[in-house]
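**Student:** final-v8.cif is reproduced in full below (mmCIF, C-alpha atoms (C1' of nucleotides)).
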```cif
data_coords
#
loop_
_atom_site.label_atom_id
_atom_site.label_comp_id
_atom_site.auth_asym_id
_atom_site.auth_seq_id
_atom_site.Cartn_x
_atom_site.Cartn_y
_atom_site.Cartn_z
CA MET T 1 -15.04 -1.33 20.40
CA LEU T 2 -16.26 0.88 17.58
CA ILE T 3 -15.01 0.61 14.05
CA PHE T 4 -15.30 3.39 11.50
CA ILE T 5 -15.11 2.86 7.77
CA GLU T 6 -14.29 5.53 5.21
CA PRO T 7 -15.41 4.09 1.86
CA GLU T 8 -13.69 6.92 -0.05
CA SER T 9 -10.35 6.49 1.65
CA GLU T 10 -7.42 5.44 -0.47
CA LYS T 11 -6.76 2.83 2.17
CA PRO T 12 -8.68 -0.33 1.23
CA ILE T 13 -11.70 -1.07 3.41
CA TYR T 14 -10.41 -4.48 4.48
CA GLN T 15 -7.18 -2.78 5.57
CA GLN T 16 -9.09 -0.20 7.59
CA ILE T 17 -10.93 -2.98 9.40
CA ARG T 18 -7.69 -4.85 9.94
CA ASP T 19 -5.87 -1.80 11.33
CA GLN T 20 -8.64 -0.89 13.75
CA ILE T 21 -8.91 -4.40 15.12
CA VAL T 22 -5.14 -4.56 15.58
CA GLU T 23 -5.30 -1.27 17.45
CA GLY T 24 -8.17 -2.59 19.55
CA ILE T 25 -6.01 -5.54 20.55
CA ALA T 26 -3.06 -3.27 21.26
CA ARG T 27 -5.19 -1.04 23.50
CA GLY T 28 -6.43 -4.03 25.42
CA GLU T 29 -10.03 -3.43 24.36
CA LEU T 30 -10.00 -6.74 22.53
CA LEU T 31 -8.60 -9.30 24.93
CA PRO T 32 -7.57 -12.82 23.98
CA GLY T 33 -10.70 -14.91 23.80
CA THR T 34 -12.91 -12.05 22.72
CA GLY T 35 -15.25 -13.00 19.91
CA LEU T 36 -15.69 -10.71 16.94
CA PRO T 37 -18.96 -10.19 15.05
CA SER T 38 -19.64 -12.59 12.22
CA ILE T 39 -18.56 -11.46 8.78
CA ARG T 40 -22.20 -11.17 7.74
CA GLN T 41 -22.97 -9.07 10.80
CA LEU T 42 -20.08 -6.65 10.29
CA ALA T 43 -20.77 -6.42 6.58
CA ALA T 44 -24.40 -5.53 7.31
CA ASP T 45 -23.38 -2.94 9.92
CA PHE T 46 -21.07 -1.20 7.47
CA GLY T 47 -23.22 -1.73 4.42
CA ILE T 48 -20.43 -3.54 2.64
CA ASN T 49 -19.96 -6.98 1.16
CA LEU T 50 -19.24 -9.94 3.40
CA HIS T 51 -16.21 -10.83 1.30
CA THR T 52 -14.57 -7.56 2.23
CA VAL T 53 -14.94 -8.36 5.92
CA ASN T 54 -13.84 -11.91 5.28
CA LYS T 55 -10.70 -10.62 3.62
CA ALA T 56 -9.88 -8.59 6.72
CA TYR T 57 -10.43 -11.57 9.04
CA GLU T 58 -8.40 -13.81 6.75
CA LEU T 59 -5.54 -11.32 6.84
CA LEU T 60 -5.74 -11.00 10.62
CA GLU T 61 -5.64 -14.79 10.91
CA ARG T 62 -2.62 -15.05 8.64
CA GLU T 63 -0.92 -12.37 10.70
CA GLY T 64 -1.57 -14.33 13.84
CA PHE T 65 -4.10 -12.08 15.56
CA LEU T 66 -7.21 -14.19 15.24
CA GLN T 67 -8.35 -17.75 15.15
CA VAL T 68 -11.25 -18.32 12.81
CA ARG T 69 -13.53 -21.31 13.05
CA ARG T 70 -16.94 -22.16 11.70
CA LYS T 71 -19.90 -21.48 13.88
CA THR T 72 -17.60 -20.04 16.58
CA GLY T 73 -16.50 -17.22 14.31
CA ALA T 74 -13.39 -15.13 14.77
CA VAL T 75 -11.75 -15.04 18.19
CA VAL T 76 -8.90 -12.80 19.27
CA GLN T 77 -5.87 -15.00 19.90
CA PRO T 78 -2.50 -13.39 19.17
CA THR T 79 0.30 -15.84 18.53
CA GLY T 80 2.96 -13.46 19.79
CA LYS T 81 4.84 -13.70 16.52
CA LEU T 82 5.61 -10.35 14.98
CA ALA T 83 5.56 -10.19 11.18
CA GLU T 84 8.96 -10.82 9.62
CA ASP T 85 8.91 -7.55 7.74
CA TRP T 86 7.75 -5.46 10.66
CA GLU T 87 11.15 -3.93 11.32
CA ALA T 88 11.65 -3.19 7.64
CA ARG T 89 8.37 -1.31 7.64
CA LEU T 90 9.40 0.53 10.79
CA ARG T 91 12.65 1.40 9.09
CA THR T 92 10.88 2.88 6.07
CA LEU T 93 8.53 4.90 8.25
CA LEU T 94 11.26 6.29 10.51
CA ALA T 95 13.44 7.07 7.50
CA GLU T 96 10.61 9.19 6.15
CA ALA T 97 10.68 11.37 9.25
CA LEU T 98 14.48 11.60 9.31
CA ALA T 99 14.51 12.52 5.62
CA GLN T 100 12.25 15.46 6.41
CA GLY T 101 14.72 16.65 8.97
CA LEU T 102 12.99 15.55 12.16
CA PRO T 103 15.69 14.94 14.80
CA ALA T 104 16.04 11.36 15.99
CA GLU T 105 15.24 12.38 19.57
CA GLU T 106 12.05 14.06 18.44
CA ILE T 107 11.06 10.97 16.48
CA LEU T 108 11.72 8.78 19.48
CA THR T 109 9.65 11.09 21.65
CA ARG T 110 6.77 10.75 19.23
CA CYS T 111 7.09 6.96 19.28
CA GLN T 112 6.98 7.11 23.05
CA ARG T 113 3.90 9.30 23.04
CA VAL T 114 2.08 7.12 20.54
CA LEU T 115 2.90 4.05 22.60
CA SER T 116 1.56 5.81 25.68
CA THR T 117 -1.74 6.61 24.03
CA LEU T 118 -2.03 2.97 23.09
CA THR T 119 -1.09 1.50 26.46
CA ASP T 120 -2.33 4.04 29.02
CA PRO T 121 -6.00 3.30 29.55
CA GLY T 122 -8.21 6.34 29.46
CA ARG T 123 -5.59 8.49 27.79
CA THR T 124 -7.09 10.43 24.93
CA ARG T 125 -5.43 10.39 21.55
CA GLN T 126 -3.35 13.49 20.82
CA MET F 127 23.63 4.98 -3.66
CA LEU F 128 22.48 1.64 -5.00
CA ILE F 129 18.85 0.78 -5.56
CA PHE F 130 17.56 -2.76 -5.79
CA ILE F 131 14.29 -3.70 -7.41
CA GLU F 132 12.38 -6.89 -6.79
CA PRO F 133 9.92 -7.19 -9.67
CA GLU F 134 8.10 -10.08 -7.99
CA SER F 135 7.59 -8.28 -4.69
CA GLU F 136 4.07 -7.52 -3.60
CA LYS F 137 5.28 -4.00 -2.97
CA PRO F 138 4.85 -1.99 -6.19
CA ILE F 139 8.06 -1.13 -8.02
CA TYR F 140 7.47 2.61 -7.83
CA GLN F 141 7.03 2.25 -4.07
CA GLN F 142 10.28 0.32 -3.76
CA ILE F 143 12.09 3.10 -5.57
CA ARG F 144 10.41 5.72 -3.43
CA ASP F 145 11.27 3.94 -0.17
CA GLN F 146 14.92 3.46 -1.05
CA ILE F 147 15.38 7.07 -2.08
CA VAL F 148 13.73 8.24 1.14
CA GLU F 149 16.09 6.00 3.08
CA GLY F 150 19.02 7.37 1.09
CA ILE F 151 18.03 10.88 2.14
CA ALA F 152 17.58 9.79 5.74
CA ARG F 153 21.04 8.20 5.81
CA GLY F 154 22.60 11.36 4.41
CA GLU F 155 23.74 9.59 1.27
CA LEU F 156 21.48 11.82 -0.77
CA LEU F 157 22.12 15.36 0.39
CA PRO F 158 19.99 18.36 -0.57
CA GLY F 159 21.04 19.47 -4.02
CA THR F 160 21.97 15.99 -5.15
CA GLY F 161 20.69 15.20 -8.62
CA LEU F 162 19.02 11.89 -9.35
CA PRO F 163 19.34 9.96 -12.61
CA SER F 164 16.83 10.85 -15.30
CA ILE F 165 13.71 8.73 -15.42
CA ARG F 166 14.84 7.24 -18.72
CA GLN F 167 18.24 6.39 -17.25
CA LEU F 168 16.86 4.69 -14.15
CA ALA F 169 14.25 2.86 -16.19
CA ALA F 170 16.95 1.56 -18.51
CA ASP F 171 19.14 0.49 -15.55
CA PHE F 172 16.31 -1.51 -14.01
CA GLY F 173 14.84 -2.71 -17.27
CA ILE F 174 11.50 -1.17 -16.43
CA ASN F 175 9.26 1.42 -18.01
CA LEU F 176 10.03 5.11 -17.65
CA HIS F 177 6.51 5.76 -16.40
CA THR F 178 7.14 3.57 -13.39
CA VAL F 179 10.17 5.65 -12.44
CA ASN F 180 8.24 8.81 -13.20
CA LYS F 181 5.52 7.70 -10.82
CA ALA F 182 8.10 7.29 -8.06
CA TYR F 183 9.59 10.74 -8.70
CA GLU F 184 6.13 12.29 -8.87
CA LEU F 185 5.26 10.76 -5.52
CA LEU F 186 8.53 11.91 -3.97
CA GLU F 187 7.85 15.41 -5.23
CA ARG F 188 4.33 15.42 -3.82
CA GLU F 189 5.73 14.22 -0.51
CA GLY F 190 8.21 17.06 -0.50
CA PHE F 191 11.45 15.17 -0.96
CA LEU F 192 12.37 16.24 -4.48
CA GLN F 193 12.07 19.13 -6.83
CA VAL F 194 11.58 18.08 -10.40
CA ARG F 195 12.30 20.34 -13.35
CA ARG F 196 12.82 19.81 -17.03
CA LYS F 197 16.34 19.38 -18.27
CA THR F 198 17.65 19.66 -14.70
CA GLY F 199 15.81 16.52 -13.65
CA ALA F 200 15.02 15.51 -10.09
CA VAL F 201 16.99 17.14 -7.29
CA VAL F 202 16.87 16.20 -3.62
CA GLN F 203 15.27 19.08 -1.74
CA PRO F 204 13.26 18.11 1.36
CA THR F 205 10.69 20.68 2.41
CA GLY F 206 10.88 19.64 6.05
CA LYS F 207 7.15 19.01 6.13
CA LEU F 208 6.23 15.59 7.42
CA ALA F 209 3.20 13.92 5.85
CA GLU F 210 -0.01 14.66 7.74
CA ASP F 211 -0.78 10.99 8.20
CA TRP F 212 2.69 10.02 9.30
CA GLU F 213 1.79 9.69 12.96
CA ALA F 214 -1.33 7.70 12.12
CA ARG F 215 0.83 5.27 10.18
CA LEU F 216 3.28 5.11 13.05
CA ARG F 217 0.38 4.40 15.36
CA THR F 218 -0.81 1.49 13.22
CA LEU F 219 2.66 0.03 13.01
CA LEU F 220 3.40 0.29 16.74
CA ALA F 221 -0.05 -1.09 17.56
CA GLU F 222 0.81 -4.16 15.52
CA ALA F 223 3.81 -4.87 17.73
CA LEU F 224 1.91 -4.20 20.95
CA ALA F 225 -0.91 -6.44 19.79
CA GLN F 226 1.58 -9.27 19.42
CA GLY F 227 2.65 -8.77 23.00
CA LEU F 228 5.92 -6.94 22.48
CA PRO F 229 6.52 -4.75 25.55
CA ALA F 230 6.49 -1.00 24.93
CA GLU F 231 10.08 -0.69 26.17
CA GLU F 232 11.23 -3.36 23.74
CA ILE F 233 9.45 -1.59 20.90
CA LEU F 234 11.05 1.70 21.85
CA THR F 235 14.44 0.01 21.94
CA ARG F 236 13.91 -1.28 18.44
CA CYS F 237 12.91 2.18 17.25
CA GLN F 238 16.09 3.51 18.77
CA ARG F 239 18.21 0.85 17.11
CA VAL F 240 16.62 1.40 13.72
CA LEU F 241 17.18 5.14 14.05
CA SER F 242 20.81 4.48 14.93
CA THR F 243 21.39 2.37 11.85
CA LEU F 244 19.93 5.19 9.79
CA THR F 245 21.86 8.02 11.39
CA ASP F 246 25.19 6.52 12.46
CA PRO F 247 27.40 6.58 9.40
CA GLY F 248 29.20 3.33 8.74
CA ARG F 249 26.96 1.35 11.02
CA THR F 250 25.83 -1.82 9.34
CA ARG F 251 22.16 -2.71 9.28
CA GLN F 252 21.11 -5.22 11.89
"C1'" DT K 253 -31.76 -31.54 12.88
"C1'" DA K 254 -32.12 -26.69 12.07
"C1'" DT K 255 -29.38 -22.77 12.28
"C1'" DT K 256 -25.39 -20.05 12.26
"C1'" DT K 257 -20.80 -19.78 10.97
"C1'" DG K 258 -16.97 -19.58 7.75
"C1'" DT K 259 -15.73 -21.33 2.94
"C1'" DT K 260 -15.81 -21.78 -1.87
"C1'" DA K 261 -17.30 -20.65 -6.48
"C1'" DT K 262 -18.72 -17.42 -10.36
"C1'" DA K 263 -19.13 -13.29 -12.24
"C1'" DG K 264 -18.89 -8.54 -13.01
"C1'" DT K 265 -17.02 -3.62 -12.17
"C1'" DT K 266 -13.68 -0.35 -11.14
"C1'" DA K 267 -9.06 1.12 -9.86
"C1'" DT K 268 -4.15 0.28 -9.69
"C1'" DT K 269 0.18 -1.19 -11.54
"C1'" DA K 270 3.09 -1.71 -15.31
"C1'" DT K 271 4.04 -1.85 -19.99
"C1'" DA K 272 4.71 0.15 -24.87
"C1'" DT K 273 4.90 4.05 -28.14
"C1'" DA K 274 4.63 8.45 -29.53
"C1'" DA K 275 4.58 13.12 -29.37
"C1'" DC K 276 4.98 17.55 -26.80
"C1'" DA K 277 7.52 21.30 -24.33
"C1'" DG K 278 10.76 23.64 -21.65
"C1'" DA K 279 15.58 24.34 -20.33
"C1'" DT K 280 20.32 24.46 -21.49
"C1'" DA K 281 24.72 23.60 -23.72
"C1'" DG K 282 27.04 24.17 -27.92
"C1'" DC W 283 19.76 29.87 -32.75
"C1'" DT W 284 19.44 25.05 -32.50
"C1'" DA W 285 20.12 20.43 -31.17
"C1'" DT W 286 19.55 17.73 -27.27
"C1'" DC W 287 18.29 16.23 -22.97
"C1'" DT W 288 14.89 16.68 -19.52
"C1'" DG W 289 10.14 15.88 -17.68
"C1'" DT W 290 5.13 15.86 -19.41
"C1'" DT W 291 1.15 14.37 -21.66
"C1'" DA W 292 -1.55 11.22 -24.39
"C1'" DT W 293 -3.21 6.54 -25.92
"C1'" DA W 294 -3.53 1.95 -25.59
"C1'" DT W 295 -3.09 -2.63 -23.55
"C1'" DA W 296 -2.62 -6.28 -19.98
"C1'" DA W 297 -2.51 -8.09 -15.38
"C1'" DT W 298 -3.74 -7.71 -10.80
"C1'" DA W 299 -6.24 -5.91 -6.74
"C1'" DA W 300 -10.39 -4.31 -4.53
"C1'" DC W 301 -15.17 -4.56 -4.11
"C1'" DT W 302 -19.61 -6.10 -5.06
"C1'" DA W 303 -23.45 -9.56 -5.88
"C1'" DT W 304 -25.40 -14.25 -5.55
"C1'" DA W 305 -25.41 -18.74 -4.64
"C1'" DA W 306 -24.19 -22.89 -2.78
"C1'" DC W 307 -21.37 -25.78 0.37
"C1'" DA W 308 -19.73 -27.56 4.90
"C1'" DA W 309 -18.81 -27.81 9.61
"C1'" DA W 310 -19.99 -26.87 14.31
"C1'" DT W 311 -23.41 -26.34 17.86
"C1'" DA W 312 -27.61 -25.41 20.26
#
```
Let's see the structure in the file written out as structure tokens.

**Tutor:**
Amino acid sequence: MLIFIEPESEKPIYQQIRDQIVEGIARGELLPGTGLPSIRQLAADFGINLHTVNKAYELLEREGFLQVRRKTGAVVQPTGKLAEDWEARLRTLLAEALAQGLPAEEILTRCQRVLSTLTDPGRTRQ
Amino acid sequence: MLIFIEPESEKPIYQQIRDQIVEGIARGELLPGTGLPSIRQLAADFGINLHTVNKAYELLEREGFLQVRRKTGAVVQPTGKLAEDWEARLRTLLAEALAQGLPAEEILTRCQRVLSTLTDPGRTRQ
DNA sequence: TATTTGTTATAGTTATTATATAACAGATAG
DNA sequence: CTATCTGTTATATAATAACTATAACAAATA
């Protein structure tokens, strides 16, 4: 699974790493048990500091996506527990679309399509 | 429409204000043409600085939810243009649920329910 | 036991968030 | 016309977040 970093993005680097790993898990590219590169390795690949990568792994562990151990490194191991505020965040995001006049059915269709691109293997993003 | 501020939240105050106004528009409580309190008024109500409120209004204007003019103040006036990165944010959020093993149908159901609570007048949040 | 891994500790830089004050400038109501 | 209310702009300050740089520590494992 490839990860791309945009250093100039307003989204923090550690958040970019976090989001892409979460998406990798969602797509089934990162299965439970899969080992991730060491923080030093990833940091070297991206040309960033190891603490930035560590911050991403720490966050992913707190969110219940990874288990991190010494020597073994980070291993994909979702707990199955969705973040408490997930639905609140969904609410805010969907409200944004409604507020701009997008019909609820259209919004739902988009959700469906996004879910498809995440679950259907081989389906290209669109 | 009532707005609640949690000063100790990790979510910035200006973002809290922004989110609640967007939700107010989505729910139809803030119709196009509705005037918002002046930045000094809101700041006084919340006991915060006027610049913090101004930052929220500025953001809402940039996002195309408000028109801000002198003397008139901020007026709800959605442009109908959804943010370019909206779908990317949706993608990240839905991926988070999938990654925790929530079935796509269950996720879609939740989207539907959230949309209902936003659009059905009188329906209590749940 | 040597090596690789994450962890912890310091320190410094830059950007963001929020505050406080003050002054400026346009629109409008009287 | 003018006073007043609006957002706007300008400084300044403080706290926190994000990122970097180095170094050392500690546990697991080959």

**Student:** Quick one: of F:Arg144, F:Arg153, F:Lys197, F:Lys137, who's nearest to chain K, counting only C-alpha atoms (C1' of nucleotides)?

**Tutor:**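 Between F:Arg144, F:Arg153, F:Lys197, F:Lys137, the residue approaching chain K most closely is F:Lys197.
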
**Student:** Using the chain letters and residue numbers of this document, give as a PyMOL selection string the residues selected by the PyMOL selection byres ((chain T) within 7 of (chain K)).

**Tutor:** chain T and resi 69-73

**Student:** Please write out chain T, superposed on chain F by least squares over all C-alpha atoms matched in order, as a PDB file with C-alpha atoms, keeping the file's coordinate frame.

**Tutor:**
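The resulting superposed-v4.pdb:
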```pdb
ATOM      1  CA  MET T   1      23.646   5.044  -3.669  1.00  0.00           C
ATOM      2  CA  LEU T   2      22.488   1.690  -4.986  1.00  0.00           C
ATOM      3  CA  ILE T   3      18.879   0.823  -5.551  1.00  0.00           C
ATOM      4  CA  PHE T   4      17.579  -2.724  -5.770  1.00  0.00           C
ATOM      5  CA  ILE T   5      14.308  -3.676  -7.389  1.00  0.00           C
ATOM      6  CA  GLU T   6      12.388  -6.879  -6.747  1.00  0.00           C
ATOM      7  CA  PRO T   7       9.914  -7.165  -9.636  1.00  0.00           C
ATOM      8  CA  GLU T   8       8.086 -10.052  -7.921  1.00  0.00           C
ATOM      9  CA  SER T   9       7.613  -8.249  -4.642  1.00  0.00           C
ATOM     10  CA  GLU T  10       4.091  -7.487  -3.546  1.00  0.00           C
ATOM     11  CA  LYS T  11       5.307  -3.974  -2.920  1.00  0.00           C
ATOM     12  CA  PRO T  12       4.835  -1.959  -6.125  1.00  0.00           C
ATOM     13  CA  ILE T  13       8.046  -1.121  -7.971  1.00  0.00           C
ATOM     14  CA  TYR T  14       7.463   2.630  -7.802  1.00  0.00           C
ATOM     15  CA  GLN T  15       7.033   2.270  -4.034  1.00  0.00           C
ATOM     16  CA  GLN T  16      10.282   0.335  -3.738  1.00  0.00           C
ATOM     17  CA  ILE T  17      12.103   3.112  -5.573  1.00  0.00           C
ATOM     18  CA  ARG T  18      10.406   5.720  -3.427  1.00  0.00           C
ATOM     19  CA  ASP T  19      11.274   3.958  -0.158  1.00  0.00           C
ATOM     20  CA  GLN T  20      14.925   3.475  -1.052  1.00  0.00           C
ATOM     21  CA  ILE T  21      15.389   7.082  -2.073  1.00  0.00           C
ATOM     22  CA  VAL T  22      13.736   8.254   1.143  1.00  0.00           C
ATOM     23  CA  GLU T  23      16.098   6.021   3.087  1.00  0.00           C
ATOM     24  CA  GLY T  24      19.032   7.378   1.103  1.00  0.00           C
ATOM     25  CA  ILE T  25      18.037  10.887   2.134  1.00  0.00           C
ATOM     26  CA  ALA T  26      17.574   9.807   5.737  1.00  0.00           C
ATOM     27  CA  ARG T  27      21.040   8.221   5.809  1.00  0.00           C
ATOM     28  CA  GLY T  28      22.585  11.363   4.428  1.00  0.00           C
ATOM     29  CA  GLU T  29      23.758   9.601   1.272  1.00  0.00           C
ATOM     30  CA  LEU T  30      21.493  11.838  -0.770  1.00  0.00           C
ATOM     31  CA  LEU T  31      22.133  15.379   0.381  1.00  0.00           C
ATOM     32  CA  PRO T  32      20.011  18.375  -0.555  1.00  0.00           C
ATOM     33  CA  GLY T  33      21.043  19.463  -4.012  1.00  0.00           C
ATOM     34  CA  THR T  34      21.979  15.992  -5.153  1.00  0.00           C
ATOM     35  CA  GLY T  35      20.702  15.206  -8.621  1.00  0.00           C
ATOM     36  CA  LEU T  36      19.027  11.898  -9.331  1.00  0.00           C
ATOM     37  CA  PRO T  37      19.328   9.955 -12.598  1.00  0.00           C
ATOM     38  CA  SER T  38      16.828  10.828 -15.284  1.00  0.00           C
ATOM     39  CA  ILE T  39      13.700   8.710 -15.402  1.00  0.00           C
ATOM     40  CA  ARG T  40      14.840   7.223 -18.705  1.00  0.00           C
ATOM     41  CA  GLN T  41      18.228   6.382 -17.226  1.00  0.00           C
ATOM     42  CA  LEU T  42      16.833   4.674 -14.126  1.00  0.00           C
ATOM     43  CA  ALA T  43      14.216   2.855 -16.160  1.00  0.00           C
ATOM     44  CA  ALA T  44      16.935   1.532 -18.475  1.00  0.00           C
ATOM     45  CA  ASP T  45      19.119   0.479 -15.528  1.00  0.00           C
ATOM     46  CA  PHE T  46      16.290  -1.516 -13.985  1.00  0.00           C
ATOM     47  CA  GLY T  47      14.812  -2.727 -17.234  1.00  0.00           C
ATOM     48  CA  ILE T  48      11.470  -1.186 -16.407  1.00  0.00           C
ATOM     49  CA  ASN T  49       9.228   1.404 -17.993  1.00  0.00           C
ATOM     50  CA  LEU T  50      10.006   5.085 -17.623  1.00  0.00           C
ATOM     51  CA  HIS T  51       6.484   5.734 -16.374  1.00  0.00           C
ATOM     52  CA  THR T  52       7.122   3.554 -13.359  1.00  0.00           C
ATOM     53  CA  VAL T  53      10.153   5.636 -12.426  1.00  0.00           C
ATOM     54  CA  ASN T  54       8.240   8.796 -13.186  1.00  0.00           C
ATOM     55  CA  LYS T  55       5.516   7.700 -10.808  1.00  0.00           C
ATOM     56  CA  ALA T  56       8.080   7.294  -8.038  1.00  0.00           C
ATOM     57  CA  TYR T  57       9.590  10.740  -8.682  1.00  0.00           C
ATOM     58  CA  GLU T  58       6.134  12.292  -8.861  1.00  0.00           C
ATOM     59  CA  LEU T  59       5.262  10.751  -5.506  1.00  0.00           C
ATOM     60  CA  LEU T  60       8.532  11.908  -3.956  1.00  0.00           C
ATOM     61  CA  GLU T  61       7.854  15.423  -5.238  1.00  0.00           C
ATOM     62  CA  ARG T  62       4.342  15.441  -3.822  1.00  0.00           C
ATOM     63  CA  GLU T  63       5.737  14.245  -0.515  1.00  0.00           C
ATOM     64  CA  GLY T  64       8.203  17.082  -0.496  1.00  0.00           C
ATOM     65  CA  PHE T  65      11.459  15.184  -0.962  1.00  0.00           C
ATOM     66  CA  LEU T  66      12.361  16.239  -4.469  1.00  0.00           C
ATOM     67  CA  GLN T  67      12.081  19.120  -6.836  1.00  0.00           C
ATOM     68  CA  VAL T  68      11.571  18.055 -10.416  1.00  0.00           C
ATOM     69  CA  ARG T  69      12.292  20.302 -13.353  1.00  0.00           C
ATOM     70  CA  ARG T  70      12.798  19.761 -17.044  1.00  0.00           C
ATOM     71  CA  LYS T  71      16.300  19.347 -18.284  1.00  0.00           C
ATOM     72  CA  THR T  72      17.620  19.643 -14.703  1.00  0.00           C
ATOM     73  CA  GLY T  73      15.823  16.484 -13.651  1.00  0.00           C
ATOM     74  CA  ALA T  74      15.031  15.501 -10.093  1.00  0.00           C
ATOM     75  CA  VAL T  75      16.981  17.136  -7.279  1.00  0.00           C
ATOM     76  CA  VAL T  76      16.867  16.205  -3.615  1.00  0.00           C
ATOM     77  CA  GLN T  77      15.280  19.096  -1.732  1.00  0.00           C
ATOM     78  CA  PRO T  78      13.267  18.132   1.350  1.00  0.00           C
ATOM     79  CA  THR T  79      10.706  20.694   2.413  1.00  0.00           C
ATOM     80  CA  GLY T  80      10.872  19.666   6.052  1.00  0.00           C
ATOM     81  CA  LYS T  81       7.149  19.017   6.123  1.00  0.00           C
ATOM     82  CA  LEU T  82       6.245  15.598   7.419  1.00  0.00           C
ATOM     83  CA  ALA T  83       3.200  13.949   5.845  1.00  0.00           C
ATOM     84  CA  GLU T  84      -0.017  14.662   7.725  1.00  0.00           C
ATOM     85  CA  ASP T  85      -0.784  10.996   8.176  1.00  0.00           C
ATOM     86  CA  TRP T  86       2.693  10.021   9.273  1.00  0.00           C
ATOM     87  CA  GLU T  87       1.783   9.682  12.933  1.00  0.00           C
ATOM     88  CA  ALA T  88      -1.322   7.687  12.086  1.00  0.00           C
ATOM     89  CA  ARG T  89       0.839   5.273  10.138  1.00  0.00           C
ATOM     90  CA  LEU T  90       3.289   5.104  13.026  1.00  0.00           C
ATOM     91  CA  ARG T  91       0.379   4.391  15.313  1.00  0.00           C
ATOM     92  CA  THR T  92      -0.818   1.485  13.176  1.00  0.00           C
ATOM     93  CA  LEU T  93       2.666   0.013  12.960  1.00  0.00           C
ATOM     94  CA  LEU T  94       3.387   0.278  16.689  1.00  0.00           C
ATOM     95  CA  ALA T  95      -0.049  -1.111  17.514  1.00  0.00           C
ATOM     96  CA  GLU T  96       0.825  -4.169  15.462  1.00  0.00           C
ATOM     97  CA  ALA T  97       3.819  -4.877  17.676  1.00  0.00           C
ATOM     98  CA  LEU T  98       1.912  -4.203  20.901  1.00  0.00           C
ATOM     99  CA  ALA T  99      -0.913  -6.468  19.736  1.00  0.00           C
ATOM    100  CA  GLN T 100       1.597  -9.287  19.371  1.00  0.00           C
ATOM    101  CA  GLY T 101       2.655  -8.785  22.935  1.00  0.00           C
ATOM    102  CA  LEU T 102       5.929  -6.938  22.428  1.00  0.00           C
ATOM    103  CA  PRO T 103       6.521  -4.748  25.507  1.00  0.00           C
ATOM    104  CA  ALA T 104       6.495  -1.010  24.890  1.00  0.00           C
ATOM    105  CA  GLU T 105      10.077  -0.691  26.139  1.00  0.00           C
ATOM    106  CA  GLU T 106      11.222  -3.351  23.712  1.00  0.00           C
ATOM    107  CA  ILE T 107       9.440  -1.590  20.867  1.00  0.00           C
ATOM    108  CA  LEU T 108      11.046   1.691  21.809  1.00  0.00           C
ATOM    109  CA  THR T 109      14.440   0.020  21.932  1.00  0.00           C
ATOM    110  CA  ARG T 110      13.907  -1.277  18.425  1.00  0.00           C
ATOM    111  CA  CYS T 111      12.916   2.193  17.223  1.00  0.00           C
ATOM    112  CA  GLN T 112      16.091   3.517  18.775  1.00  0.00           C
ATOM    113  CA  ARG T 113      18.210   0.868  17.109  1.00  0.00           C
ATOM    114  CA  VAL T 114      16.632   1.418  13.714  1.00  0.00           C
ATOM    115  CA  LEU T 115      17.184   5.150  14.047  1.00  0.00           C
ATOM    116  CA  SER T 116      20.812   4.491  14.934  1.00  0.00           C
ATOM    117  CA  THR T 117      21.389   2.387  11.854  1.00  0.00           C
ATOM    118  CA  LEU T 118      19.946   5.196   9.795  1.00  0.00           C
ATOM    119  CA  THR T 119      21.870   8.044  11.404  1.00  0.00           C
ATOM    120  CA  ASP T 120      25.197   6.508  12.460  1.00  0.00           C
ATOM    121  CA  PRO T 121      27.403   6.550   9.389  1.00  0.00           C
ATOM    122  CA  GLY T 122      29.189   3.308   8.734  1.00  0.00           C
ATOM    123  CA  ARG T 123      26.927   1.324  11.019  1.00  0.00           C
ATOM    124  CA  THR T 124      25.823  -1.868   9.351  1.00  0.00           C
ATOM    125  CA  ARG T 125      22.172  -2.789   9.274  1.00  0.00           C
ATOM    126  CA  GLN T 126      21.181  -5.371  11.885  1.00  0.00           C
TER     127      GLN T 126
END
```

**Student:** Evaluate the PyMOL selection byres ((chain F and resi 174-188) around 10) against this structure - the residues, as number ranges by chain, please.

**Tutor:** F: 131, 133, 138-145, 147-148, 162, 164-173, 189-194, 199-205, 209; K: 269-272; W: 289-290

**Student:** Select, as a list of chain:residue names, those residues of chain W with any atom no more than 12 Å from chain T (distances computed using all atoms listed in the file).

**Tutor:**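 Residues satisfying the distance criterion: W:DA299, W:DA300, W:DC301, W:DT302, W:DA303, W:DT304, W:DA308, W:DA309, W:DA310, W:DT311, W:DA312.
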
**Student:** For the atom pair CA of Pro158 in chain F and C1' of DC287 in chain W, what is the interatomic distance in Å to one decimal place?

**Tutor:**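 Distance reported for this atom pair: 22.6 Å.
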
**Student:** Find the distance between CA of Glu136 in chain F and C1' of DA296 in chain W and write it in Å to one decimal.

**Tutor:**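 Taking CA of Glu136 in chain F and C1' of DA296 in chain W, their separation equals 17.7 Å.
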
**Student:** As an exercise, work out the distance from CA of Ser135 in chain F to CA of Pro247 in chain F in Å and give it to one decimal place.

**Tutor:**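 Between CA of Ser135 in chain F and CA of Pro247 in chain F the gap works out to 28.5 Å.
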
**Student:** Where's the centre, and what are the edge lengths in Å to one decimal, of a box along x, y and z enclosing all listed atoms of range 255-267 of chain K padded 3 Å per side, as JSON?

**Tutor:**
```
{"center_x": -19.2, "center_y": -10.8, "center_z": -0.4, "size_x": 26.3, "size_y": 29.9, "size_z": 31.3}
```
